[in-house]
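Report on one structure; see the data block that follows.
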Amino acid sequence: MAELPPSSQEVHIRVNSKRTTSNSNNNTVHPVEIAPPAPSPAPGASGSFIEVKHYKKWFPWLIPLFVVANIVVFVITMYVNNCPKNSASCIATFLGRFSFQPFKENPLLGPSSLTVVHRHQGWRLITCMWLHGGVFHLLANMLGILIIGIRLEQEFGFVLIGLLFVISGFGGSLLSALFIQSNISVGASGALFGLLGGMLSELITNWSIYDNKLAALFTLVIIIVVNLAVGILPHVDNFAHIGGFLTGFLLGFVFLIRPQFGWVHQRYAPIHYSPGRTKTKFKKYQCVLWVLSLVILIVGLSVGLVALLRGVDANNHCSWCHYLSCVPTSKWSCNTKAASCSTSQLGNQLNVTCSSNGNTDTYYMQNPTDSKIQQLCTQLCS
C-alpha cells in the first residue's frame, strides 16, 4: 500500500461489489486480496486507488472426479452384469460381457436390476448415487453435474461442494427409500438436484451481492420446476429428486453464505479510513436462515433415518404423496411393481408363470441363473 504524508493522504477504495448473472464470464466473486499499490500520484493529485477483491476462485477438480468415478462404476457394473452369460438375449452383443439387457427389461441400455441391488444393505443409501440404470441415464446426469457443479466448485471450493453433493444424494436416497419400497432406484440425480437447490438458496442468502437478481431467480426457478415436472413420468424416481433438492436447498443456506460487502470494505480499508457505521459480517436474515436451515436439516435427516430403520412406509402417512413421483394418465400406468413369477423345473424344462396376469410358458435350459429367470418373467408379465 502506498502511503502519503498524513496531511495530504486521501485514499479511495474501488470494490468489485456486485456479481452479474447475465454473463457467465462475470458471475464470479473473487478472493479478498489487496492489489499491489498503484504508482504514486503526481504532485497535486488527490490520492490513489486500491482495488479490493473478495472471494477466492477455486480450480474445479472434485466434480470432474465424481463424473469419472460414476463412469468407472458403470463400466464395472456392466462387467459384473455379463449379459451373454446370465440372460437369454442381449443388445449390442459385439460388446461381449459389456452388452446390454433387452429393452423390455431395461430401456436405458444398462444392466439387470439384479446386478445392482441386494436387500437389507443400508450403506446403499450412499452408494446408489454412484450407480446408473443405463447409458442414457448416466449421460443425462453427468452432463448436468458438470454444468452446475463446476460453476459451484469454482466459487465455493471442493470441500463445501463435495459435502453438498454427497449429503444431498443421501437425502434423496432417504426420501426415496421411505416412499418407494418395492422398486430399485439408482442414480446421481438426487445429488444433482441438491446442487440446483444449493444454487437457489445461495442466490437468496447472498441476494444483496447480485445484479439482475430477479432475472436470475426466475430463470433458476423455471429450470427447477421443469426438471421436477419430468419426475411425474413413470420409471422416474421423483422422490429422490425432491429429497435431494430440499437437502441441497437447506445446505446452501449453511455452506454457501457470503459476508456482506460493507464488512469487507471495513476490514480491508486503509488504516486511516473511518466508516460512518460498523458493519457486521453477515446480515441478520442470513444468520436466521443459517440457524433455521441447520436445525430443519438435522431433524429431518434424523427422523427420516430412524423411520426407515424401523420399516416405516411413508405412503401410509400420506395418501396422495405417490402423485409427486408419478401421475397416471391414459398414456401410461404408474404401476411399476417388479414382475413376480412362480417357477418349476424338471430336468432342462423350466416352467414360468406370471403372478399378475397368469401367463405361462415353458423354456428349455439347464441350470438358469436368477437373472435369466427374472428376464423371462419380465417378458412374460409385460
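Naming scheme: A, B, ... for chains in displayed order of the C-alpha cells; residues 1 onward per chain; ligands 1 onward as shown.
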Taking only C-alpha atoms into account, produce a table as a tab-separated table in which each residue of region 101-160 of chain A with an atom at most 12 Å from an atom of region 220-243 of chain A appears once, together with its shortest atom pair and the distance in Å to one decimal, ordered by chain and rising number.
```
residue	atom	partner	partner_atom	distance
A:Asn106	CA	A:His235	CA	10.6
A:Pro107	CA	A:His235	CA	10.3
A:Leu108	CA	A:His235	CA	10.6
A:Leu125	CA	A:Ala240	CA	10.8
A:Cys128	CA	A:Ala240	CA	10.9
A:Met129	CA	A:Ala240	CA	10.0
A:Gly133	CA	A:His235	CA	10.8
A:His137	CA	A:Val236	CA	10.4
A:Ala140	CA	A:Asn227	CA	11.8
A:Asn141	CA	A:His241	CA	11.7
A:Gly144	CA	A:Asn227	CA	11.0
A:Ile148	CA	A:Leu220	CA	11.4
```
Give the helix (DSSP H, G or I) residues of region 157-374 of chain A, as assigned by DSSP on the backbone, as a short mmCIF file (atom, residue, chain, number, x, y, z; two decimals) with N, CA, C and O atoms, in the first residue's frame.
```cif
data_model
loop_
_atom_site.label_atom_id
_atom_site.label_comp_id
_atom_site.auth_asym_id
_atom_site.auth_seq_id
_atom_site.Cartn_x
_atom_site.Cartn_y
_atom_site.Cartn_z
N GLY A 157 -15.33 -23.91 -3.60
CA GLY A 157 -14.31 -24.87 -3.25
C GLY A 157 -14.80 -26.31 -3.18
O GLY A 157 -16.00 -26.58 -3.09
N PHE A 158 -13.84 -27.22 -3.19
CA PHE A 158 -14.19 -28.65 -3.30
C PHE A 158 -14.76 -29.21 -2.01
O PHE A 158 -15.56 -30.14 -2.05
N VAL A 159 -14.39 -28.67 -0.85
CA VAL A 159 -14.88 -29.23 0.41
C VAL A 159 -16.38 -29.01 0.56
O VAL A 159 -17.15 -29.95 0.78
N LEU A 160 -16.81 -27.76 0.42
CA LEU A 160 -18.23 -27.44 0.60
C LEU A 160 -19.09 -28.09 -0.48
O LEU A 160 -20.15 -28.65 -0.18
N ILE A 161 -18.65 -28.04 -1.72
CA ILE A 161 -19.46 -28.60 -2.80
C ILE A 161 -19.44 -30.12 -2.77
O ILE A 161 -20.43 -30.78 -3.10
N GLY A 162 -18.32 -30.70 -2.35
CA GLY A 162 -18.28 -32.15 -2.19
C GLY A 162 -19.26 -32.63 -1.12
O GLY A 162 -19.98 -33.61 -1.31
N LEU A 163 -19.29 -31.92 0.01
CA LEU A 163 -20.25 -32.26 1.07
C LEU A 163 -21.68 -32.03 0.61
O LEU A 163 -22.58 -32.83 0.90
N LEU A 164 -21.90 -30.93 -0.10
CA LEU A 164 -23.24 -30.64 -0.62
C LEU A 164 -23.71 -31.75 -1.55
O LEU A 164 -24.86 -32.20 -1.46
N PHE A 165 -22.84 -32.24 -2.40
CA PHE A 165 -23.16 -33.30 -3.35
C PHE A 165 -23.52 -34.60 -2.63
O PHE A 165 -24.58 -35.19 -2.87
N VAL A 166 -22.67 -35.01 -1.70
CA VAL A 166 -22.85 -36.31 -1.05
C VAL A 166 -24.06 -36.29 -0.10
O VAL A 166 -24.88 -37.22 -0.10
N ILE A 167 -24.19 -35.24 0.70
CA ILE A 167 -25.29 -35.18 1.66
C ILE A 167 -26.63 -35.05 0.93
O ILE A 167 -27.64 -35.64 1.34
N SER A 168 -26.65 -34.28 -0.17
CA SER A 168 -27.89 -34.17 -0.96
C SER A 168 -28.27 -35.51 -1.57
O SER A 168 -29.45 -35.88 -1.59
N GLY A 169 -27.28 -36.24 -2.07
CA GLY A 169 -27.56 -37.57 -2.60
C GLY A 169 -28.12 -38.49 -1.53
O GLY A 169 -29.05 -39.27 -1.80
N PHE A 170 -27.58 -38.40 -0.31
CA PHE A 170 -28.10 -39.21 0.79
C PHE A 170 -29.54 -38.81 1.13
O PHE A 170 -30.39 -39.66 1.36
N GLY A 171 -29.81 -37.50 1.15
CA GLY A 171 -31.17 -37.03 1.43
C GLY A 171 -32.16 -37.52 0.39
O GLY A 171 -33.29 -37.91 0.73
N GLY A 172 -31.76 -37.51 -0.88
CA GLY A 172 -32.63 -38.01 -1.93
C GLY A 172 -32.88 -39.50 -1.79
O GLY A 172 -34.02 -39.97 -1.95
N SER A 173 -31.83 -40.26 -1.47
CA SER A 173 -31.98 -41.71 -1.29
C SER A 173 -32.90 -42.02 -0.11
O SER A 173 -33.70 -42.96 -0.15
N LEU A 174 -32.77 -41.23 0.94
CA LEU A 174 -33.57 -41.47 2.14
C LEU A 174 -35.06 -41.27 1.87
O LEU A 174 -35.89 -42.11 2.23
N LEU A 175 -35.41 -40.16 1.22
CA LEU A 175 -36.83 -39.92 0.92
C LEU A 175 -37.36 -40.96 -0.06
O LEU A 175 -38.49 -41.44 0.07
N SER A 176 -36.54 -41.35 -1.01
CA SER A 176 -36.95 -42.37 -1.98
C SER A 176 -37.21 -43.70 -1.28
O SER A 176 -38.21 -44.38 -1.56
N ALA A 177 -36.33 -44.07 -0.35
CA ALA A 177 -36.49 -45.35 0.35
C ALA A 177 -37.73 -45.36 1.23
O ALA A 177 -38.33 -46.42 1.47
N LEU A 178 -38.13 -44.20 1.74
CA LEU A 178 -39.31 -44.12 2.59
C LEU A 178 -40.60 -44.28 1.79
O LEU A 178 -41.60 -44.81 2.29
N PHE A 179 -40.60 -43.84 0.53
CA PHE A 179 -41.83 -43.87 -0.27
C PHE A 179 -41.85 -44.98 -1.32
O PHE A 179 -42.91 -45.45 -1.70
N SER A 189 -29.05 -38.35 -9.62
CA SER A 189 -29.94 -37.22 -9.83
C SER A 189 -30.34 -36.56 -8.52
O SER A 189 -30.61 -35.35 -8.49
N GLY A 190 -30.37 -37.29 -7.40
CA GLY A 190 -30.64 -36.67 -6.12
C GLY A 190 -29.56 -35.65 -5.77
O GLY A 190 -29.85 -34.54 -5.32
N ALA A 191 -28.30 -36.03 -5.99
CA ALA A 191 -27.19 -35.11 -5.76
C ALA A 191 -27.23 -33.95 -6.74
O ALA A 191 -26.93 -32.81 -6.37
N LEU A 192 -27.60 -34.22 -7.98
CA LEU A 192 -27.71 -33.16 -8.99
C LEU A 192 -28.77 -32.14 -8.59
O LEU A 192 -28.55 -30.92 -8.67
N PHE A 193 -29.92 -32.61 -8.13
CA PHE A 193 -30.96 -31.69 -7.67
C PHE A 193 -30.52 -30.96 -6.40
O PHE A 193 -30.97 -29.83 -6.14
N GLY A 194 -29.65 -31.58 -5.61
CA GLY A 194 -29.10 -30.90 -4.45
C GLY A 194 -28.24 -29.71 -4.86
O GLY A 194 -28.27 -28.66 -4.21
N LEU A 195 -27.48 -29.87 -5.94
CA LEU A 195 -26.70 -28.74 -6.47
C LEU A 195 -27.61 -27.62 -6.94
O LEU A 195 -27.34 -26.43 -6.72
N LEU A 196 -28.72 -27.99 -7.59
CA LEU A 196 -29.70 -26.97 -8.02
C LEU A 196 -30.31 -26.26 -6.81
O LEU A 196 -30.47 -25.03 -6.81
N GLY A 197 -30.66 -27.03 -5.79
CA GLY A 197 -31.21 -26.43 -4.58
C GLY A 197 -30.21 -25.51 -3.90
O GLY A 197 -30.57 -24.43 -3.40
N GLY A 198 -28.93 -25.91 -3.90
CA GLY A 198 -27.90 -25.07 -3.32
C GLY A 198 -27.73 -23.77 -4.09
O GLY A 198 -27.51 -22.70 -3.50
N MET A 199 -27.84 -23.83 -5.42
CA MET A 199 -27.77 -22.61 -6.22
C MET A 199 -28.89 -21.64 -5.87
O MET A 199 -28.68 -20.43 -5.77
N LEU A 200 -30.10 -22.19 -5.65
CA LEU A 200 -31.23 -21.33 -5.34
C LEU A 200 -31.06 -20.67 -3.97
O LEU A 200 -31.27 -19.45 -3.83
N SER A 201 -30.69 -21.43 -2.95
CA SER A 201 -30.53 -20.84 -1.63
C SER A 201 -29.34 -19.90 -1.58
O SER A 201 -29.36 -18.91 -0.84
N GLU A 202 -28.31 -20.18 -2.36
CA GLU A 202 -27.16 -19.26 -2.42
C GLU A 202 -27.58 -17.92 -2.98
O GLU A 202 -27.15 -16.86 -2.50
N LEU A 203 -28.42 -17.95 -4.00
CA LEU A 203 -28.93 -16.69 -4.57
C LEU A 203 -29.76 -15.92 -3.54
O LEU A 203 -29.65 -14.70 -3.43
N ILE A 204 -30.56 -16.64 -2.77
CA ILE A 204 -31.44 -15.98 -1.79
C ILE A 204 -30.62 -15.39 -0.64
O ILE A 204 -30.79 -14.23 -0.26
N THR A 205 -29.71 -16.19 -0.07
CA THR A 205 -28.99 -15.73 1.11
C THR A 205 -27.96 -14.65 0.78
O THR A 205 -27.63 -13.81 1.62
N TRP A 207 -28.41 -12.36 -1.60
CA TRP A 207 -29.23 -11.55 -2.50
C TRP A 207 -28.62 -10.18 -2.81
O TRP A 207 -28.67 -9.70 -3.93
N SER A 208 -28.02 -9.57 -1.81
CA SER A 208 -27.57 -8.19 -1.97
C SER A 208 -26.34 -8.05 -2.85
O SER A 208 -26.00 -6.94 -3.27
N ILE A 209 -25.63 -9.14 -3.17
CA ILE A 209 -24.41 -9.00 -3.96
C ILE A 209 -24.63 -9.36 -5.43
O ILE A 209 -23.66 -9.47 -6.18
N LYS A 213 -30.80 -9.79 -10.19
CA LYS A 213 -31.16 -10.89 -9.28
C LYS A 213 -32.53 -11.48 -9.59
O LYS A 213 -32.72 -12.69 -9.49
N LEU A 214 -33.49 -10.66 -9.98
CA LEU A 214 -34.83 -11.18 -10.29
C LEU A 214 -34.80 -12.06 -11.53
O LEU A 214 -35.45 -13.10 -11.58
N ALA A 215 -34.03 -11.64 -12.53
CA ALA A 215 -33.90 -12.46 -13.74
C ALA A 215 -33.24 -13.78 -13.42
O ALA A 215 -33.63 -14.84 -13.92
N ALA A 216 -32.20 -13.74 -12.58
CA ALA A 216 -31.52 -14.98 -12.18
C ALA A 216 -32.45 -15.90 -11.41
O ALA A 216 -32.47 -17.11 -11.64
N LEU A 217 -33.22 -15.33 -10.49
CA LEU A 217 -34.16 -16.13 -9.69
C LEU A 217 -35.23 -16.76 -10.58
O LEU A 217 -35.53 -17.96 -10.45
N PHE A 218 -35.79 -15.98 -11.49
CA PHE A 218 -36.83 -16.50 -12.38
C PHE A 218 -36.29 -17.65 -13.25
O PHE A 218 -36.92 -18.70 -13.38
N THR A 219 -35.10 -17.45 -13.81
CA THR A 219 -34.50 -18.49 -14.67
C THR A 219 -34.25 -19.77 -13.88
O THR A 219 -34.56 -20.87 -14.35
N LEU A 220 -33.70 -19.63 -12.69
CA LEU A 220 -33.36 -20.80 -11.88
C LEU A 220 -34.62 -21.55 -11.44
O LEU A 220 -34.67 -22.80 -11.48
N VAL A 221 -35.65 -20.82 -11.05
CA VAL A 221 -36.91 -21.46 -10.64
C VAL A 221 -37.54 -22.21 -11.80
O VAL A 221 -38.04 -23.34 -11.63
N ILE A 222 -37.52 -21.63 -13.00
CA ILE A 222 -38.08 -22.31 -14.18
C ILE A 222 -37.34 -23.62 -14.44
O ILE A 222 -37.94 -24.66 -14.72
N ILE A 223 -36.01 -23.59 -14.37
CA ILE A 223 -35.21 -24.80 -14.59
C ILE A 223 -35.57 -25.88 -13.58
O ILE A 223 -35.74 -27.06 -13.92
N ILE A 224 -35.70 -25.49 -12.32
CA ILE A 224 -36.01 -26.46 -11.26
C ILE A 224 -37.41 -27.05 -11.46
O ILE A 224 -37.61 -28.27 -11.35
N VAL A 225 -38.39 -26.19 -11.75
CA VAL A 225 -39.77 -26.65 -11.92
C VAL A 225 -39.88 -27.61 -13.10
O VAL A 225 -40.53 -28.66 -13.01
N VAL A 226 -39.23 -27.28 -14.21
CA VAL A 226 -39.29 -28.14 -15.40
C VAL A 226 -38.69 -29.51 -15.09
O VAL A 226 -39.25 -30.56 -15.44
N ASN A 227 -37.55 -29.53 -14.41
CA ASN A 227 -36.90 -30.80 -14.10
C ASN A 227 -37.70 -31.62 -13.11
O ASN A 227 -37.76 -32.86 -13.22
N LEU A 228 -38.33 -30.97 -12.14
CA LEU A 228 -39.17 -31.71 -11.20
C LEU A 228 -40.43 -32.23 -11.89
O LEU A 228 -40.93 -33.31 -11.57
N ALA A 229 -40.94 -31.46 -12.87
CA ALA A 229 -42.14 -31.89 -13.59
C ALA A 229 -41.88 -33.17 -14.39
O ALA A 229 -42.77 -34.01 -14.53
N VAL A 230 -40.66 -33.32 -14.90
CA VAL A 230 -40.31 -34.54 -15.64
C VAL A 230 -40.44 -35.76 -14.73
O VAL A 230 -40.71 -36.88 -15.19
N ASN A 238 -39.02 -39.44 -8.63
CA ASN A 238 -39.06 -38.02 -8.29
C ASN A 238 -38.87 -37.78 -6.79
O ASN A 238 -38.53 -36.67 -6.39
N PHE A 239 -39.08 -38.81 -5.97
CA PHE A 239 -38.83 -38.64 -4.54
C PHE A 239 -37.34 -38.40 -4.29
O PHE A 239 -36.97 -37.62 -3.40
N ALA A 240 -36.48 -39.07 -5.05
CA ALA A 240 -35.04 -38.82 -4.92
C ALA A 240 -34.71 -37.39 -5.36
O ALA A 240 -33.88 -36.71 -4.76
N HIS A 241 -35.39 -36.91 -6.42
CA HIS A 241 -35.18 -35.54 -6.87
C HIS A 241 -35.62 -34.54 -5.80
O HIS A 241 -34.89 -33.59 -5.49
N ILE A 242 -36.81 -34.75 -5.25
CA ILE A 242 -37.35 -33.82 -4.24
C ILE A 242 -36.50 -33.85 -2.97
O ILE A 242 -36.15 -32.80 -2.42
N GLY A 243 -36.15 -35.05 -2.52
CA GLY A 243 -35.32 -35.16 -1.32
C GLY A 243 -33.96 -34.53 -1.50
O GLY A 243 -33.46 -33.83 -0.61
N GLY A 244 -33.34 -34.76 -2.65
CA GLY A 244 -32.04 -34.15 -2.92
C GLY A 244 -32.13 -32.64 -3.02
O GLY A 244 -31.28 -31.92 -2.49
N PHE A 245 -33.19 -32.15 -3.67
CA PHE A 245 -33.37 -30.70 -3.82
C PHE A 245 -33.56 -30.03 -2.46
O PHE A 245 -32.93 -29.02 -2.16
N LEU A 246 -34.44 -30.58 -1.62
CA LEU A 246 -34.70 -29.98 -0.31
C LEU A 246 -33.44 -30.00 0.56
O LEU A 246 -33.14 -29.03 1.26
N THR A 247 -32.70 -31.10 0.52
CA THR A 247 -31.46 -31.20 1.30
C THR A 247 -30.45 -30.16 0.82
O THR A 247 -29.83 -29.45 1.62
N GLY A 248 -30.26 -30.08 -0.50
CA GLY A 248 -29.32 -29.10 -1.05
C GLY A 248 -29.75 -27.67 -0.79
O GLY A 248 -28.92 -26.79 -0.54
N PHE A 249 -31.06 -27.42 -0.85
CA PHE A 249 -31.59 -26.08 -0.59
C PHE A 249 -31.26 -25.63 0.83
O PHE A 249 -30.82 -24.50 1.06
N LEU A 250 -31.46 -26.52 1.80
CA LEU A 250 -31.15 -26.18 3.19
C LEU A 250 -29.64 -26.06 3.40
O LEU A 250 -29.18 -25.15 4.11
N LEU A 251 -28.87 -26.94 2.80
CA LEU A 251 -27.42 -26.88 2.94
C LEU A 251 -26.85 -25.60 2.33
O LEU A 251 -25.84 -25.08 2.81
N GLY A 252 -27.48 -25.10 1.28
CA GLY A 252 -26.99 -23.88 0.65
C GLY A 252 -26.98 -22.70 1.61
O GLY A 252 -26.06 -21.87 1.59
N PHE A 253 -27.99 -22.60 2.47
CA PHE A 253 -28.03 -21.52 3.46
C PHE A 253 -26.92 -21.67 4.50
O PHE A 253 -26.50 -20.69 5.11
N VAL A 254 -26.45 -22.91 4.71
CA VAL A 254 -25.42 -23.18 5.71
C VAL A 254 -24.02 -23.07 5.11
O VAL A 254 -23.13 -22.44 5.70
N PHE A 255 -23.82 -23.66 3.94
CA PHE A 255 -22.48 -23.75 3.35
C PHE A 255 -22.11 -22.55 2.47
O PHE A 255 -20.93 -22.20 2.38
N PHE A 261 -20.77 -6.92 1.67
CA PHE A 261 -19.66 -6.13 1.15
C PHE A 261 -19.26 -4.99 2.09
O PHE A 261 -18.10 -4.61 2.13
N GLY A 262 -20.22 -4.46 2.86
CA GLY A 262 -19.86 -3.41 3.79
C GLY A 262 -18.82 -3.86 4.80
O GLY A 262 -17.91 -3.11 5.16
N TRP A 263 -18.93 -5.10 5.27
CA TRP A 263 -17.97 -5.65 6.22
C TRP A 263 -16.60 -5.81 5.56
O TRP A 263 -15.56 -5.53 6.17
N VAL A 264 -16.59 -6.25 4.29
CA VAL A 264 -15.34 -6.40 3.56
C VAL A 264 -14.67 -5.04 3.37
O VAL A 264 -13.46 -4.90 3.51
N HIS A 265 -15.45 -4.00 3.08
CA HIS A 265 -14.93 -2.64 2.93
C HIS A 265 -14.17 -2.24 4.18
O HIS A 265 -13.05 -1.73 4.12
N GLN A 266 -14.80 -2.47 5.34
CA GLN A 266 -14.21 -2.07 6.60
C GLN A 266 -12.91 -2.81 6.88
O GLN A 266 -11.91 -2.23 7.26
N ARG A 267 -12.96 -4.11 6.69
CA ARG A 267 -11.84 -4.95 7.09
C ARG A 267 -10.59 -4.66 6.28
O ARG A 267 -9.48 -4.73 6.80
N LYS A 284 -28.65 -9.92 9.25
CA LYS A 284 -29.47 -10.66 10.22
C LYS A 284 -30.25 -11.78 9.55
O LYS A 284 -30.37 -12.88 10.08
N TYR A 285 -30.81 -11.51 8.36
CA TYR A 285 -31.61 -12.55 7.71
C TYR A 285 -30.75 -13.74 7.31
O TYR A 285 -31.21 -14.89 7.30
N GLN A 286 -29.45 -13.50 7.00
CA GLN A 286 -28.55 -14.60 6.68
C GLN A 286 -28.34 -15.50 7.90
O GLN A 286 -28.34 -16.73 7.78
N CYS A 287 -28.18 -14.88 9.06
CA CYS A 287 -27.97 -15.66 10.29
C CYS A 287 -29.22 -16.46 10.66
O CYS A 287 -29.13 -17.62 11.08
N VAL A 288 -30.39 -15.83 10.50
CA VAL A 288 -31.64 -16.53 10.81
C VAL A 288 -31.82 -17.73 9.88
O VAL A 288 -32.17 -18.84 10.33
N LEU A 289 -31.59 -17.54 8.59
CA LEU A 289 -31.71 -18.64 7.63
C LEU A 289 -30.69 -19.74 7.92
O LEU A 289 -30.99 -20.93 7.77
N TRP A 290 -29.50 -19.36 8.33
CA TRP A 290 -28.45 -20.34 8.65
C TRP A 290 -28.91 -21.25 9.80
O TRP A 290 -28.81 -22.47 9.71
N VAL A 291 -29.41 -20.64 10.88
CA VAL A 291 -29.83 -21.42 12.05
C VAL A 291 -31.04 -22.30 11.73
O VAL A 291 -31.05 -23.50 12.03
N LEU A 292 -32.05 -21.71 11.11
CA LEU A 292 -33.27 -22.47 10.80
C LEU A 292 -32.96 -23.64 9.88
O LEU A 292 -33.45 -24.76 10.08
N SER A 293 -32.16 -23.40 8.84
CA SER A 293 -31.85 -24.45 7.87
C SER A 293 -31.08 -25.59 8.52
O SER A 293 -31.35 -26.77 8.27
N LEU A 294 -30.11 -25.26 9.37
CA LEU A 294 -29.32 -26.29 10.03
C LEU A 294 -30.20 -27.15 10.94
O LEU A 294 -30.08 -28.39 10.94
N VAL A 295 -31.07 -26.51 11.71
CA VAL A 295 -31.95 -27.26 12.61
C VAL A 295 -32.91 -28.16 11.82
O VAL A 295 -33.07 -29.35 12.13
N ILE A 296 -33.56 -27.60 10.80
CA ILE A 296 -34.50 -28.39 9.99
C ILE A 296 -33.80 -29.55 9.31
O ILE A 296 -34.32 -30.68 9.26
N LEU A 297 -32.59 -29.31 8.82
CA LEU A 297 -31.84 -30.35 8.12
C LEU A 297 -31.49 -31.50 9.06
O LEU A 297 -31.71 -32.68 8.74
N ILE A 298 -30.95 -31.19 10.22
CA ILE A 298 -30.55 -32.23 11.17
C ILE A 298 -31.76 -33.02 11.64
O ILE A 298 -31.74 -34.27 11.68
N VAL A 299 -32.83 -32.32 12.00
CA VAL A 299 -34.04 -33.00 12.47
C VAL A 299 -34.65 -33.85 11.36
O VAL A 299 -35.03 -35.02 11.58
N GLY A 300 -34.73 -33.30 10.15
CA GLY A 300 -35.33 -34.03 9.04
C GLY A 300 -34.59 -35.30 8.68
O GLY A 300 -35.20 -36.37 8.53
N LEU A 301 -33.27 -35.22 8.56
CA LEU A 301 -32.48 -36.40 8.22
C LEU A 301 -32.52 -37.43 9.34
O LEU A 301 -32.59 -38.64 9.09
N SER A 302 -32.49 -36.97 10.59
CA SER A 302 -32.52 -37.90 11.73
C SER A 302 -33.85 -38.64 11.81
O SER A 302 -33.88 -39.87 11.96
N VAL A 303 -34.95 -37.90 11.70
CA VAL A 303 -36.27 -38.53 11.76
C VAL A 303 -36.46 -39.49 10.59
O VAL A 303 -36.98 -40.61 10.76
N GLY A 304 -36.04 -39.07 9.40
CA GLY A 304 -36.18 -39.94 8.23
C GLY A 304 -35.39 -41.22 8.36
O GLY A 304 -35.87 -42.31 8.01
N LEU A 305 -34.17 -41.12 8.87
CA LEU A 305 -33.33 -42.32 9.01
C LEU A 305 -33.89 -43.27 10.06
O LEU A 305 -33.92 -44.49 9.85
N VAL A 306 -34.36 -42.73 11.18
CA VAL A 306 -34.97 -43.57 12.21
C VAL A 306 -36.22 -44.26 11.67
O VAL A 306 -36.45 -45.46 11.90
N ALA A 307 -37.05 -43.52 10.94
CA ALA A 307 -38.26 -44.10 10.36
C ALA A 307 -37.93 -45.22 9.39
O ALA A 307 -38.58 -46.27 9.37
N LEU A 308 -36.90 -45.02 8.58
CA LEU A 308 -36.51 -46.05 7.61
C LEU A 308 -36.02 -47.31 8.32
O LEU A 308 -36.38 -48.43 7.95
N LEU A 309 -35.19 -47.12 9.34
CA LEU A 309 -34.66 -48.28 10.06
C LEU A 309 -35.75 -49.04 10.80
O LEU A 309 -35.60 -50.24 11.07
N ALA A 314 -43.80 -44.56 4.27
CA ALA A 314 -44.32 -43.19 4.32
C ALA A 314 -45.64 -43.05 3.59
O ALA A 314 -46.41 -42.12 3.87
N ASN A 315 -45.95 -43.93 2.65
CA ASN A 315 -47.22 -43.86 1.94
C ASN A 315 -48.42 -44.06 2.86
O ASN A 315 -49.52 -43.58 2.57
N ASN A 316 -48.21 -44.77 3.96
CA ASN A 316 -49.29 -44.98 4.92
C ASN A 316 -49.66 -43.71 5.68
O ASN A 316 -50.72 -43.62 6.28
N HIS A 317 -48.76 -42.74 5.65
CA HIS A 317 -48.99 -41.48 6.35
C HIS A 317 -49.27 -40.33 5.39
O HIS A 317 -49.51 -39.21 5.85
N CYS A 321 -49.15 -38.59 -1.64
CA CYS A 321 -47.76 -38.28 -1.97
C CYS A 321 -47.23 -39.06 -3.18
O CYS A 321 -46.30 -38.61 -3.85
N HIS A 322 -47.83 -40.24 -3.46
CA HIS A 322 -47.33 -41.00 -4.59
C HIS A 322 -47.50 -40.27 -5.91
O HIS A 322 -46.81 -40.54 -6.89
N TYR A 323 -48.43 -39.28 -5.95
CA TYR A 323 -48.61 -38.50 -7.17
C TYR A 323 -47.43 -37.56 -7.42
O TYR A 323 -47.26 -37.04 -8.53
N LEU A 324 -46.60 -37.32 -6.42
CA LEU A 324 -45.42 -36.48 -6.61
C LEU A 324 -44.39 -37.16 -7.50
O LEU A 324 -43.55 -36.50 -8.11
N ASP A 370 -30.52 -66.69 -11.79
CA ASP A 370 -31.62 -65.83 -11.31
C ASP A 370 -31.90 -64.70 -12.29
O ASP A 370 -33.06 -64.31 -12.48
N SER A 371 -30.84 -64.14 -12.88
CA SER A 371 -31.02 -63.05 -13.84
C SER A 371 -31.80 -63.50 -15.06
O SER A 371 -32.67 -62.79 -15.56
N LYS A 372 -31.51 -64.72 -15.55
CA LYS A 372 -32.23 -65.23 -16.71
C LYS A 372 -33.70 -65.45 -16.38
O LYS A 372 -34.59 -65.11 -17.16
N ILE A 373 -33.97 -66.02 -15.21
CA ILE A 373 -35.36 -66.27 -14.81
C ILE A 373 -36.11 -64.95 -14.66
O ILE A 373 -37.27 -64.82 -15.08
N GLN A 374 -35.46 -63.93 -14.07
CA GLN A 374 -36.10 -62.63 -13.91
C GLN A 374 -36.38 -61.99 -15.27
O GLN A 374 -37.44 -61.37 -15.47
#
```
- prompt: Can you tell me how far CA of Ile71 (chain A) sits from CA of Ile147 (chain A), in Å to one decimal?
  reply: 16.4 Å
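Remark: for Phe59 (chain A), the closest of the candidate residues A:Ser113, A:Gln154, A:Ser99, A:Asn86 is A:Gln154 (distances computed over only C-alpha atoms).
Among A:Ser112, A:Asn70, A:Ser356, A:Ser185, the residue with the shortest atom-to-atom distance to Asn335 (chain A), counting only C-alpha atoms, is A:Ser356.
Using only C-alpha atoms, the shortest contact distance between Arg124 (chain A) and any of A:Tyr364, A:Lys281, A:Trp58, A:Val186 is found at A:Val186.
Here CA of Leu350 (chain A) stands at a distance of 22.2 Å from CA of Asn81 (chain A).
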task: Using DSSP on the backbone coordinates, identify the residues of region 39-277 of chain A assigned to strand (DSSP E or B); present them as a ChimeraX atom specification.
output: /A:48-55,91,100,210
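Of note, CA of Thr127 (chain A) and CA of Gly187 (chain A) are spaced 9.3 Å apart.
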task: For Thr362 (chain A), work out the shell of residues within 8 Å, counting only C-alpha atoms and skipping chain neighbours fewer than 3 positions away, then give it as a ChimeraX atom specification.
output: /A:349-352
Emit the selected residues as a PDB file, in the first residue's frame, including C-alpha atoms.
```
ATOM      1  CA  GLN A 349     -37.546 -77.850 -18.730  1.00  0.00           C
ATOM      2  CA  LEU A 350     -38.336 -74.594 -16.929  1.00  0.00           C
ATOM      3  CA  ASN A 351     -41.973 -73.615 -16.412  1.00  0.00           C
ATOM      4  CA  VAL A 352     -42.598 -69.921 -15.647  1.00  0.00           C
TER       5      VAL A 352
END
```
- prompt: Which polymer residues have any atom within 10 Å of an atom of Lys104 (chain A), counting only C-alpha atoms, with same-chain residues fewer than 4 positions away left out, as a PyMOL selection string?
  reply: chain A and resi 108+375+378-379+382
Expected file contents, prior selection, C-alpha atoms, as a PDB file, in the first residue's frame:
```
ATOM      1  CA  LEU A 108     -31.959 -47.286 -20.669  1.00  0.00           C
ATOM      2  CA  GLN A 375     -35.680 -61.585 -17.542  1.00  0.00           C
ATOM      3  CA  THR A 378     -40.382 -59.628 -17.060  1.00  0.00           C
ATOM      4  CA  GLN A 379     -41.067 -60.546 -20.690  1.00  0.00           C
ATOM      5  CA  SER A 382     -45.244 -57.310 -19.889  1.00  0.00           C
TER       6      SER A 382
END
```
